[in-house]
$ cat protein.cif   # mmCIF, C-alpha atoms and all ligand atoms
data_protein
loop_
_atom_site.label_atom_id
_atom_site.label_comp_id
_atom_site.auth_asym_id
_atom_site.auth_seq_id
_atom_site.Cartn_x
_atom_site.Cartn_y
_atom_site.Cartn_z
CA MET O 1 388.38 0.26 152.23
CA THR O 2 388.55 -1.38 155.65
CA CYS O 3 385.62 -1.34 158.04
CA THR O 4 385.70 -2.25 161.70
CA SER O 5 382.80 -4.47 162.74
CA SER O 6 381.04 -1.67 164.61
CA ALA O 7 381.54 1.04 161.99
CA PRO O 8 378.77 -0.13 159.62
CA ASP O 9 376.28 -0.21 162.50
CA ASP O 10 377.10 3.37 163.49
CA LEU O 11 376.95 4.48 159.89
CA LEU O 12 373.65 2.69 159.28
CA PHE O 13 372.19 4.26 162.38
CA ARG O 14 373.19 7.72 161.18
CA ALA O 15 371.92 7.02 157.65
CA GLU O 16 368.57 5.86 158.99
CA GLN O 17 368.27 9.04 161.06
CA GLY O 18 368.71 11.09 157.86
CA GLY O 19 372.34 12.11 158.32
CA CYS O 20 373.98 13.58 155.22
CA LEU O 21 376.33 10.90 153.94
CA SER O 22 379.69 11.62 152.32
CA ARG O 23 380.90 9.88 149.14
CA GLU O 24 383.13 7.65 151.28
CA GLU O 25 380.23 6.69 153.53
CA ILE O 26 377.98 5.89 150.57
CA LEU O 27 380.79 3.77 149.15
CA GLU O 28 381.15 2.00 152.47
CA LEU O 29 377.45 1.08 152.49
CA LEU O 30 377.57 -0.10 148.88
CA SER O 31 380.59 -2.23 149.71
CA LEU O 32 378.99 -4.07 152.65
CA ASN O 33 379.51 -7.74 152.03
CA ASP O 34 378.71 -9.70 155.15
CA ALA O 35 375.17 -11.02 155.26
CA GLU O 36 374.36 -9.53 158.66
CA HIS O 37 375.26 -5.96 157.72
CA VAL O 38 373.59 -6.23 154.33
CA GLU O 39 370.39 -7.39 156.04
CA HIS O 40 370.72 -4.49 158.47
CA LEU O 41 371.04 -2.11 155.49
CA TYR O 42 367.85 -3.52 153.92
CA ARG O 43 365.94 -3.28 157.20
CA SER O 44 367.04 0.34 157.75
CA ALA O 45 365.93 1.26 154.23
CA ASP O 46 362.63 -0.55 154.77
CA ARG O 47 361.94 1.41 157.97
CA VAL O 48 362.74 4.71 156.21
CA ARG O 49 360.42 3.69 153.37
CA ALA O 50 357.62 2.95 155.86
CA ALA O 51 358.15 6.23 157.74
CA CYS O 52 358.52 8.48 154.68
CA VAL O 53 356.18 7.05 152.02
CA GLY O 54 354.05 4.58 153.97
CA GLU O 55 353.04 0.98 153.39
CA GLU O 56 351.19 1.38 150.10
CA VAL O 57 352.66 0.01 146.88
CA PHE O 58 351.70 2.14 143.89
CA LEU O 59 351.13 0.72 140.43
CA ARG O 60 352.29 2.43 137.24
CA GLY O 61 351.01 0.82 134.04
CA ILE O 62 353.57 0.95 131.23
CA ILE O 63 352.76 1.28 127.53
CA GLU O 64 355.80 0.80 125.30
CA PHE O 65 354.31 2.51 122.28
CA SER O 66 357.28 2.56 119.88
CA ASN O 67 360.54 0.63 119.72
CA HIS O 68 362.08 2.90 117.07
CA CYS O 69 365.09 4.83 118.30
CA MET O 70 367.43 7.24 116.58
CA ASN O 71 370.18 6.58 119.12
CA ASN O 72 372.80 3.91 119.26
CA CYS O 73 373.45 3.21 122.94
CA ARG O 74 375.94 0.38 123.07
CA TYR O 75 374.02 -1.61 125.71
CA CYS O 76 370.53 -1.38 124.26
CA GLY O 77 368.65 -3.83 122.03
CA LEU O 78 366.60 -0.98 120.53
CA ARG O 79 369.73 0.77 119.24
CA ARG O 80 369.53 2.12 115.71
CA ASP O 81 372.09 -0.31 114.31
CA ASN O 82 370.33 -3.43 115.55
CA ARG O 83 368.98 -4.64 112.23
CA GLN O 84 367.52 -7.75 113.88
CA ALA O 85 365.00 -5.68 115.85
CA VAL O 86 361.51 -5.80 114.34
CA ARG O 87 360.20 -2.28 114.74
CA TYR O 88 356.66 -1.14 115.57
CA ARG O 89 354.72 2.01 116.36
CA MET O 90 351.30 2.13 118.01
CA ASP O 91 348.64 4.45 116.71
CA ASP O 92 347.04 7.03 118.97
CA ASP O 93 343.76 5.14 119.50
CA GLU O 94 345.61 2.01 120.54
CA ILE O 95 347.54 4.01 123.14
CA LEU O 96 344.33 5.59 124.44
CA ASP O 97 342.58 2.23 124.72
CA LEU O 98 345.51 0.81 126.67
CA ALA O 99 345.48 3.84 128.99
CA GLU O 100 341.82 3.16 129.75
CA ALA O 101 342.62 -0.50 130.46
CA ILE O 102 345.34 0.62 132.84
CA GLU O 103 342.87 2.75 134.77
CA ASP O 104 340.35 -0.13 134.80
CA ARG O 105 342.98 -2.42 136.37
CA GLY O 106 343.42 -0.04 139.31
CA CYS O 107 346.63 1.76 138.33
CA GLY O 108 346.76 5.51 139.04
CA THR O 109 349.50 6.29 136.55
CA VAL O 110 350.26 5.51 132.92
CA VAL O 111 353.87 5.53 131.78
CA LEU O 112 354.24 6.27 128.06
CA GLN O 113 357.58 4.85 127.05
CA SER O 114 359.43 4.61 123.73
CA GLY O 115 362.83 4.86 122.12
CA GLU O 116 363.77 8.35 120.96
CA ASP O 117 361.29 8.45 118.10
CA LEU O 118 360.62 11.83 116.54
CA HIS O 119 357.83 10.29 114.48
CA TYR O 120 355.84 11.24 117.59
CA THR O 121 356.17 14.97 117.11
CA ARG O 122 355.54 17.58 119.76
CA GLU O 123 352.01 18.10 118.44
CA ARG O 124 351.21 14.42 118.27
CA MET O 125 352.48 13.73 121.80
CA CYS O 126 350.47 16.69 123.10
CA ALA O 127 347.32 15.30 121.47
CA ILE O 128 347.92 11.86 123.02
CA ILE O 129 348.55 13.41 126.45
CA SER O 130 345.50 15.67 126.39
CA ASN O 131 343.24 12.86 125.13
CA ILE O 132 344.37 10.55 127.95
CA LYS O 133 343.71 13.37 130.42
CA ALA O 134 340.25 13.94 128.92
CA ARG O 135 339.31 10.25 129.08
CA THR O 136 340.92 9.09 132.34
CA GLY O 137 341.93 10.34 135.76
CA LEU O 138 345.44 8.96 135.32
CA ALA O 139 348.66 10.76 136.12
CA ILE O 140 350.88 10.68 133.03
CA THR O 141 354.57 9.86 133.12
CA LEU O 142 356.59 10.28 129.94
CA SER O 143 359.70 8.26 129.22
CA ILE O 144 360.63 9.24 125.68
CA GLY O 145 364.18 10.53 126.03
CA GLN O 146 365.93 13.78 125.36
CA ARG O 147 363.88 16.49 123.69
CA PRO O 148 364.20 20.28 123.31
CA PHE O 149 363.02 22.47 126.19
CA ASP O 150 360.00 23.64 124.16
CA ASP O 151 358.82 20.05 123.71
CA TYR O 152 359.06 19.44 127.45
CA ARG O 153 357.12 22.63 128.09
CA ALA O 154 354.40 21.72 125.57
CA PHE O 155 354.01 18.22 127.06
CA ARG O 156 353.72 19.73 130.54
CA ASP O 157 351.13 22.24 129.32
CA ALA O 158 349.19 19.40 127.69
CA GLY O 159 348.94 17.64 131.05
CA ALA O 160 352.02 15.43 131.54
CA ASP O 161 352.83 15.13 135.26
CA ARG O 162 356.13 13.29 135.40
CA TYR O 163 359.12 12.50 133.26
CA LEU O 164 361.56 9.61 133.50
CA LEU O 165 364.99 10.24 132.04
CA ARG O 166 367.62 7.91 133.37
CA HIS O 167 371.10 9.35 133.57
CA GLU O 168 372.46 5.75 133.20
CA THR O 169 375.85 6.55 134.78
CA ALA O 170 377.30 9.58 136.56
CA ASN O 171 380.71 8.88 135.04
CA PRO O 172 380.89 11.30 132.07
CA GLU O 173 383.55 9.30 130.18
CA LEU O 174 381.64 6.06 130.58
CA PHE O 175 378.41 7.80 129.54
CA ALA O 176 380.06 9.14 126.35
CA GLU O 177 381.43 5.69 125.57
CA LEU O 178 378.06 3.99 126.06
CA CYS O 179 375.89 6.59 124.34
CA PRO O 180 377.71 7.71 121.18
CA GLY O 181 376.91 11.29 120.19
CA ARG O 182 375.46 12.07 123.59
CA SER O 183 376.96 13.65 126.72
CA LEU O 184 376.15 13.37 130.39
CA GLU O 185 376.19 17.16 130.50
CA ASP O 186 373.31 17.37 128.00
CA ARG O 187 371.39 14.67 129.85
CA ILE O 188 371.75 16.63 133.09
CA GLN O 189 370.64 19.80 131.33
CA CYS O 190 367.44 18.01 130.25
CA LEU O 191 366.86 16.89 133.85
CA ARG O 192 367.30 20.47 135.07
CA TRP O 193 364.80 21.72 132.46
CA LEU O 194 362.28 19.12 133.58
CA LYS O 195 362.70 20.26 137.18
CA GLU O 196 362.30 23.88 136.10
CA LEU O 197 359.04 22.96 134.34
CA ASP O 198 357.76 21.45 137.58
CA TYR O 199 357.57 17.85 136.45
CA GLU O 200 358.13 15.15 139.00
CA VAL O 201 361.42 13.90 137.64
CA GLY O 202 362.76 10.36 137.50
CA MET O 203 366.42 9.48 137.19
CA GLY O 204 368.21 6.17 137.36
CA CYS O 205 371.26 4.19 136.46
CA MET O 206 372.45 0.76 135.53
CA VAL O 207 374.53 -1.37 137.85
CA GLY O 208 377.34 -3.55 136.52
CA LEU O 209 378.13 -1.75 133.27
CA PRO O 210 381.45 -2.85 131.78
CA GLY O 211 384.08 -0.46 133.14
CA GLN O 212 381.86 0.87 135.95
CA THR O 213 383.36 1.04 139.45
CA ALA O 214 381.84 1.15 142.94
CA GLU O 215 383.00 4.78 143.07
CA ASP O 216 380.91 5.49 139.95
CA LEU O 217 377.88 4.07 141.75
CA ALA O 218 378.54 6.30 144.76
CA ASP O 219 378.64 9.22 142.30
CA ASP O 220 375.26 8.07 140.90
CA VAL O 221 373.81 8.38 144.40
CA LEU O 222 375.35 11.83 144.83
CA LEU O 223 374.02 13.02 141.45
CA ILE O 224 370.53 11.75 142.27
CA ARG O 225 370.69 13.65 145.56
CA GLU O 226 372.11 16.80 143.97
CA LEU O 227 369.44 16.99 141.26
CA GLY O 228 366.63 16.22 143.68
CA ALA O 229 365.08 13.32 141.75
CA ASP O 230 361.51 12.43 142.74
CA MET O 231 361.64 8.87 141.35
CA ILE O 232 364.64 6.62 140.99
CA GLY O 233 364.90 3.45 138.90
CA ILE O 234 367.90 1.18 139.44
CA GLY O 235 368.42 -1.84 137.24
CA PRO O 236 371.22 -4.27 136.44
CA PHE O 237 373.09 -4.15 133.17
CA ILE O 238 372.06 -7.23 131.16
CA PRO O 239 374.06 -7.82 127.96
CA HIS O 240 372.10 -8.09 124.71
CA GLU O 241 373.36 -10.38 121.95
CA GLU O 242 372.71 -7.85 119.18
CA THR O 243 374.79 -5.07 120.75
CA PRO O 244 378.51 -4.31 120.94
CA LEU O 245 378.44 -5.32 124.63
CA LYS O 246 377.32 -8.90 123.93
CA GLY O 247 379.22 -11.42 126.02
CA SER O 248 379.89 -8.92 128.83
CA LYS O 249 379.14 -9.93 132.39
CA ALA O 250 375.69 -8.95 133.72
CA GLY O 251 375.30 -6.71 136.77
CA ASP O 252 374.98 -8.18 140.24
CA ALA O 253 371.49 -8.35 141.78
CA GLY O 254 372.95 -7.89 145.28
CA MET O 255 374.59 -4.63 144.26
CA VAL O 256 371.30 -3.44 142.71
CA LEU O 257 369.55 -4.08 146.03
CA ARG O 258 372.27 -2.30 148.01
CA MET O 259 372.04 0.69 145.64
CA LEU O 260 368.27 0.75 146.02
CA ALA O 261 368.52 0.62 149.82
CA VAL O 262 371.19 3.34 149.97
CA ILE O 263 369.14 5.56 147.65
CA ARG O 264 366.11 5.11 149.92
CA LEU O 265 368.24 6.12 152.93
CA VAL O 266 369.61 9.17 151.11
CA THR O 267 366.48 10.40 149.31
CA ARG O 268 363.86 9.45 151.97
CA ASP O 269 360.40 10.21 150.49
CA THR O 270 360.98 9.43 146.81
CA ASN O 271 359.19 6.84 144.68
CA ILE O 272 361.41 3.86 143.95
CA PRO O 273 360.27 0.95 141.77
CA SER O 274 361.47 -2.58 141.89
CA THR O 275 362.51 -2.69 138.24
CA THR O 276 361.58 -5.21 135.57
CA ALA O 277 365.29 -5.66 134.74
CA LEU O 278 365.99 -6.77 138.29
CA GLY O 279 363.17 -9.32 137.96
CA VAL O 280 364.58 -10.63 134.69
CA LEU O 281 368.02 -11.06 136.27
CA ASP O 282 366.63 -12.62 139.45
CA GLY O 283 362.92 -12.95 140.27
CA ASP O 284 363.55 -13.27 144.02
CA SER O 285 365.48 -10.00 144.08
CA ARG O 286 362.55 -8.20 142.48
CA MET O 287 360.45 -9.25 145.46
CA LYS O 288 363.27 -8.60 147.92
CA ALA O 289 363.48 -5.01 146.67
CA PHE O 290 360.13 -4.37 148.38
CA LYS O 291 361.81 -5.21 151.69
CA ALA O 292 364.79 -3.00 150.93
CA GLY O 293 363.16 0.34 150.15
CA ALA O 294 361.01 -0.04 147.00
CA ASN O 295 357.42 1.19 146.96
CA VAL O 296 356.41 1.14 143.29
CA PHE O 297 355.53 -1.69 140.92
CA MET O 298 355.30 -1.12 137.16
CA PRO O 299 353.26 -3.76 135.31
CA VAL O 300 353.68 -3.82 131.53
CA PHE O 301 350.46 -3.32 129.53
CA THR O 302 352.12 -3.43 126.12
CA PRO O 303 350.36 -6.14 124.07
CA GLN O 304 352.39 -9.34 123.83
CA ASP O 305 353.32 -9.04 120.14
CA CYS O 306 354.84 -5.58 120.70
CA ALA O 307 356.27 -6.32 124.16
CA LYS O 308 358.35 -9.14 122.69
CA ARG O 309 359.91 -6.62 120.34
CA TYR O 310 360.63 -4.03 123.03
CA GLU O 311 363.77 -5.86 123.94
CA ILE O 312 366.10 -3.33 125.52
CA TYR O 313 367.76 -6.32 127.19
CA PRO O 314 367.12 -10.03 126.64
CA GLY O 315 364.22 -11.61 128.51
CA LYS O 316 362.38 -8.32 128.90
CA GLY O 317 359.64 -9.28 126.44
CA ASP O 318 358.97 -12.49 128.35
CA VAL O 319 358.00 -10.91 131.68
CA LYS O 320 354.51 -11.73 132.85
CA LYS O 321 352.02 -9.25 131.49
CA ALA O 322 349.83 -6.93 133.49
CA ASP O 323 347.03 -9.12 134.82
CA GLY O 324 349.20 -12.08 135.78
CA ALA O 325 351.89 -9.86 137.27
CA ILE O 326 349.39 -7.77 139.25
CA ASN O 327 347.77 -10.92 140.67
CA ASP O 328 351.14 -12.39 141.70
CA PHE O 329 352.19 -9.15 143.32
CA ARG O 330 348.84 -8.62 145.03
CA GLU O 331 349.32 -11.95 146.75
CA PHE O 332 352.91 -11.12 147.66
CA PHE O 333 352.05 -7.66 148.98
CA GLY O 334 349.04 -9.02 150.86
CA ALA O 335 351.31 -11.46 152.70
CA MET O 336 353.62 -8.55 153.56
CA GLY O 337 350.73 -6.42 154.81
CA ARG O 338 351.34 -3.85 152.09
CA PRO O 339 348.14 -2.54 150.46
CA MET O 340 347.96 -1.49 146.82
CA GLY O 341 348.01 2.31 146.66
CA LYS O 342 345.01 4.17 145.32
CA GLY O 343 345.29 7.21 143.06
CA PRO O 344 348.33 8.58 141.27
CA GLY O 345 350.76 8.14 144.18
CA GLY O 346 353.01 11.02 143.18
CA ARG O 347 355.72 12.36 145.44
CA ARG O 348 353.82 15.61 145.50
CA LYS O 349 350.69 14.92 147.50
CA ARG O 350 347.57 16.21 145.86
CA PRO O 351 344.65 17.65 147.81
S1 LIG O 401 368.72 3.32 125.72
FE1 LIG O 401 367.01 4.56 125.00
S2 LIG O 401 367.99 6.16 123.73
FE2 LIG O 401 369.50 4.52 123.96
S3 LIG O 401 369.21 3.21 122.15
FE3 LIG O 401 367.95 2.36 123.82
S4 LIG O 401 365.93 3.24 123.56
FE4 LIG O 401 367.39 4.46 122.37
#

$ encode --input "protein.cif" --output "structure tokens"
Amino acid sequence: MTCTSSAPDDLLFRAEQGGCLSREEILELLSLNDAEHVEHLYRSADRVRAACVGEEVFLRGIIEFSNHCMNNCRYCGLRRDNRQAVRYRMDDDEILDLAEAIEDRGCGTVVLQSGEDLHYTRERMCAIISNIKARTGLAITLSIGQRPFDDYRAFRDAGADRYLLRHETANPELFAELCPGRSLEDRIQCLRWLKELDYEVGMGCMVGLPGQTAEDLADDVLLIRELGADMIGIGPFIPHEETPLKGSKAGDAGMVLRMLAVIRLVTRDTNIPSTTALGVLDGDSRMKAFKAGANVFMPVFTPQDCAKRYEIYPGKGDVKKADGAINDFREFFGAMGRPMGKGPGGRRKRP
């Protein structure tokens, strides 16, 4: 694609005003490669973030409560066939205690995350959810993969507020290749169910997957817009040694930031984290994301011994844990004039 020097400025102006972008226009923004235009893209996204969701940065405390998974995604260190992974499951009391610690540290949301682990049955998850609701004022986000509609309904009835289910890639062939036995169609059906059940719904994709094109990334943006995601997580692909994709090239941090900025311009008032994966690939980019459209920070509260084993990608278990990370970010946000958000910080404003 060729761009005249003025075309990106016109396009960025229209994007910032909320114009509906075509696939070609999204692709053009993702393909920006001169420093001046890329900086302009980040600044536009940052202004839209300020106008649509404000200056506050909201904290979501993550508990990775099980690293068992029945799936075999080719990029993931938790995949079923990774015999090197040392597996763990937390008991219900441990999860509840961590949720209380998350509230004590000033987070308004707990994210309960695991591999697809049916050991946590519908009934057991409902008990965990309702006990957290009884003992804290936290909003609850679930990130436990694909489940039947009735499970999603039961979790919602028990008090779950939000659900993260990344679509990973909008290219159906690539999805099928990366997630054996799964289809993009089924993943999208789950996302539609979650919307129907009135969850705030999170989607997201990886950037830099082997075989992924810039056009695929533009399609990710279109799918996120079409399904009306409330939260969007964008992270780089990072190859894991114990997976079939070992030795592949990692995603590019610059492309992650451009995706994040474009998604902010397209989706306006959504919640967009600066992801842990981006920080593992490049610490500076994790910070830069907060100047390119991000408004959410997700500190990990998983105890160190378990966190080290929740290695979806290498280096993930080594990220600074909650207290240290919150202190670092508090300083960084303070310097930027961005206050820590109070309360759950959902897209849907509560009275
Ligand atoms: S990406 Fe999720 S579903 Fe796939 S193997 Fe990893 S934990 Fe399991």

$ residues_near_ligand --input "protein.cif" --ligand "ligand LIG 401 (chain O)" --cutoff "8 Å" --atoms "all atoms listed in the file" --output "JSON, numbers by chain"
{"O": [67, 68, 69, 70, 71, 72, 73, 74, 75, 76, 77, 78, 79, 80, 114, 115, 116, 144, 145, 179, 312]}

$ write_last_selection --input "protein.cif" --atoms "C-alpha atoms" --output "tab-separated table (two decimals), in the coordinates of the input"
chain	number	residue	atom	x	y	z
O	67	ASN	CA	360.54	0.63	119.72
O	68	HIS	CA	362.08	2.90	117.07
O	69	CYS	CA	365.09	4.83	118.30
O	70	MET	CA	367.43	7.24	116.58
O	71	ASN	CA	370.18	6.58	119.12
O	72	ASN	CA	372.80	3.91	119.26
O	73	CYS	CA	373.45	3.21	122.94
O	74	ARG	CA	375.94	0.38	123.07
O	75	TYR	CA	374.02	-1.61	125.71
O	76	CYS	CA	370.53	-1.38	124.26
O	77	GLY	CA	368.65	-3.83	122.03
O	78	LEU	CA	366.60	-0.98	120.53
O	79	ARG	CA	369.73	0.77	119.24
O	80	ARG	CA	369.53	2.12	115.71
O	114	SER	CA	359.43	4.61	123.73
O	115	GLY	CA	362.83	4.86	122.12
O	116	GLU	CA	363.77	8.35	120.96
O	144	ILE	CA	360.63	9.24	125.68
O	145	GLY	CA	364.18	10.53	126.03
O	179	CYS	CA	375.89	6.59	124.34
O	312	ILE	CA	366.10	-3.33	125.52

$ residues_around --input "protein.cif" --residues "Ala50 of chain O" --least-positions-apart "4" --cutoff "12 Å" --atoms "only C-alpha atoms" --output "list in words"
Glu16, Arg43, Ser44, Ala45, Asp46, Gly54, Glu55, Glu56, Val57, Arg264, Leu265, Arg268, Asp269, Thr270, Asn271, Phe290, Lys291, Ala292, Gly293, Ala294, Asn295, Gly337 and Arg338 of chain O

$ atom_distance --input "protein.cif" --atom1 "atom CA of Phe332 of chain O" --atom2 "atom CA of Pro273 of chain O"
15.3 Å

$ residues_around --input "protein.cif" --residues "Leu257 of chain O" --least-positions-apart "3" --cutoff "9 Å" --atoms "all atoms listed in the file" --output "ChimeraX atom specification"
/O:42,234,252-254,260-262,278,285-286,288-289,292-293

$ residues_near_point --input "protein.cif" --point "(374.2, -8.4, 122.1)" --cutoff "12 Å" --atoms "all atoms listed in the file" --output "ChimeraX atom specification"
/O:73-79,81-85,237-250,311-314

$ closest_residue --input "protein.cif" --among "O:Phe155, O:Phe149, O:Tyr310, O:Phe13" --to "Glu64 of chain O" --atoms "all atoms listed in the file"
O:Tyr310

$ closest_residue --input "protein.cif" --among "O:Lys195, O:Arg330, O:Arg187, O:Arg60" --to "Pro344 of chain O" --atoms "only C-alpha atoms"
O:Arg60

$ closest_residue --input "protein.cif" --among "O:Ala176, O:Leu59, O:Met231, O:Cys126" --to "Ile326 of chain O" --atoms "only C-alpha atoms"
O:Leu59

$ residues_around --input "protein.cif" --residues "Ile132 of chain O" --least-positions-apart "4" --cutoff "12 Å" --atoms "only C-alpha atoms" --output "list in words"
Asp92, Asp93, Glu94, Ile95, Leu96, Asp97, Leu98, Ala99, Glu100, Ala101, Ile102, Glu103, Thr109, Val110, Val111, Leu112, Met125, Cys126, Ala127, Ile128, Thr136, Gly137, Leu138, Ala139, Ile140, Thr141, Ala158, Gly159 and Ala160 of chain O

$ write_last_selection --input "protein.cif" --atoms "C-alpha atoms" --output "compact mmCIF listing (two decimals), in the coordinates of the input"
# COMPACT_ATOMS: atom_id res chain seq x y z
CA ASP O 92 347.04 7.03 118.97
CA ASP O 93 343.76 5.14 119.50
CA GLU O 94 345.61 2.01 120.54
CA ILE O 95 347.54 4.01 123.14
CA LEU O 96 344.33 5.59 124.44
CA ASP O 97 342.58 2.23 124.72
CA LEU O 98 345.51 0.81 126.67
CA ALA O 99 345.48 3.84 128.99
CA GLU O 100 341.82 3.16 129.75
CA ALA O 101 342.62 -0.50 130.46
CA ILE O 102 345.34 0.62 132.84
CA GLU O 103 342.87 2.75 134.77
CA THR O 109 349.50 6.29 136.55
CA VAL O 110 350.26 5.51 132.92
CA VAL O 111 353.87 5.53 131.78
CA LEU O 112 354.24 6.27 128.06
CA MET O 125 352.48 13.73 121.80
CA CYS O 126 350.47 16.69 123.10
CA ALA O 127 347.32 15.30 121.47
CA ILE O 128 347.92 11.86 123.02
CA THR O 136 340.92 9.09 132.34
CA GLY O 137 341.93 10.34 135.76
CA LEU O 138 345.44 8.96 135.32
CA ALA O 139 348.66 10.76 136.12
CA ILE O 140 350.88 10.68 133.03
CA THR O 141 354.57 9.86 133.12
CA ALA O 158 349.19 19.40 127.69
CA GLY O 159 348.94 17.64 131.05
CA ALA O 160 352.02 15.43 131.54

$ atom_distance --input "protein.cif" --atom1 "atom CA of Pro172 of chain O" --atom2 "atom CA of Leu209 of chain O"
13.4 Å

$ atom_distance --input "protein.cif" --atom1 "atom CA of Ala7 of chain O" --atom2 "atom CA of Asp219 of chain O"
21.5 Å

$ closest_residue --input "protein.cif" --among "O:Leu217, O:Lys316, O:Glu123, O:Leu118" --to "Leu27 of chain O" --atoms "all atoms listed in the file"
O:Leu217

$ residues_near_point --input "protein.cif" --point "(354.5, 2.9, 117.4)" --cutoff "6 Å" --atoms "only C-alpha atoms" --output "PyMOL selection string"
chain O and resi 65-66+88-90

$ build_atoms --input "protein.cif" --residues "segment 176-189 of chain O" --atoms "N, CA and C atoms" --output "PDB file, in the coordinates of the input"
ATOM      1  N   ALA O 176     379.749   8.808 127.758  1.00  0.00           N
ATOM      2  CA  ALA O 176     380.060   9.140 126.350  1.00  0.00           C
ATOM      3  C   ALA O 176     380.406   7.887 125.560  1.00  0.00           C
ATOM      4  N   GLU O 177     381.071   6.943 126.243  1.00  0.00           N
ATOM      5  CA  GLU O 177     381.430   5.690 125.570  1.00  0.00           C
ATOM      6  C   GLU O 177     380.184   4.853 125.258  1.00  0.00           C
ATOM      7  N   LEU O 178     379.243   4.842 126.204  1.00  0.00           N
ATOM      8  CA  LEU O 178     378.060   3.990 126.060  1.00  0.00           C
ATOM      9  C   LEU O 178     376.999   4.584 125.149  1.00  0.00           C
ATOM     10  N   CYS O 179     376.935   5.916 125.117  1.00  0.00           N
ATOM     11  CA  CYS O 179     375.890   6.590 124.340  1.00  0.00           C
ATOM     12  C   CYS O 179     376.560   7.494 123.291  1.00  0.00           C
ATOM     13  N   PRO O 180     376.988   6.927 122.177  1.00  0.00           N
ATOM     14  CA  PRO O 180     377.710   7.710 121.180  1.00  0.00           C
ATOM     15  C   PRO O 180     376.895   8.934 120.736  1.00  0.00           C
ATOM     16  N   GLY O 181     377.576  10.060 120.650  1.00  0.00           N
ATOM     17  CA  GLY O 181     376.910  11.290 120.190  1.00  0.00           C
ATOM     18  C   GLY O 181     376.161  12.010 121.290  1.00  0.00           C
ATOM     19  N   ARG O 182     376.176  11.448 122.480  1.00  0.00           N
ATOM     20  CA  ARG O 182     375.460  12.070 123.590  1.00  0.00           C
ATOM     21  C   ARG O 182     376.447  12.379 124.720  1.00  0.00           C
ATOM     22  N   SER O 183     376.088  13.351 125.578  1.00  0.00           N
ATOM     23  CA  SER O 183     376.960  13.650 126.720  1.00  0.00           C
ATOM     24  C   SER O 183     376.140  13.657 128.001  1.00  0.00           C
ATOM     25  N   LEU O 184     376.820  13.331 129.088  1.00  0.00           N
ATOM     26  CA  LEU O 184     376.150  13.370 130.390  1.00  0.00           C
ATOM     27  C   LEU O 184     375.699  14.799 130.691  1.00  0.00           C
ATOM     28  N   GLU O 185     376.519  15.751 130.261  1.00  0.00           N
ATOM     29  CA  GLU O 185     376.190  17.160 130.500  1.00  0.00           C
ATOM     30  C   GLU O 185     374.820  17.512 129.891  1.00  0.00           C
ATOM     31  N   ASP O 186     374.602  17.092 128.656  1.00  0.00           N
ATOM     32  CA  ASP O 186     373.310  17.370 128.000  1.00  0.00           C
ATOM     33  C   ASP O 186     372.160  16.652 128.717  1.00  0.00           C
ATOM     34  N   ARG O 187     372.429  15.417 129.149  1.00  0.00           N
ATOM     35  CA  ARG O 187     371.390  14.670 129.850  1.00  0.00           C
ATOM     36  C   ARG O 187     370.995  15.409 131.137  1.00  0.00           C
ATOM     37  N   ILE O 188     372.019  15.903 131.844  1.00  0.00           N
ATOM     38  CA  ILE O 188     371.750  16.630 133.090  1.00  0.00           C
ATOM     39  C   ILE O 188     371.011  17.929 132.799  1.00  0.00           C
ATOM     40  N   GLN O 189     371.362  18.567 131.693  1.00  0.00           N
ATOM     41  CA  GLN O 189     370.640  19.800 131.330  1.00  0.00           C
ATOM     42  C   GLN O 189     369.151  19.500 131.124  1.00  0.00           C
TER      43      GLN O 189
END
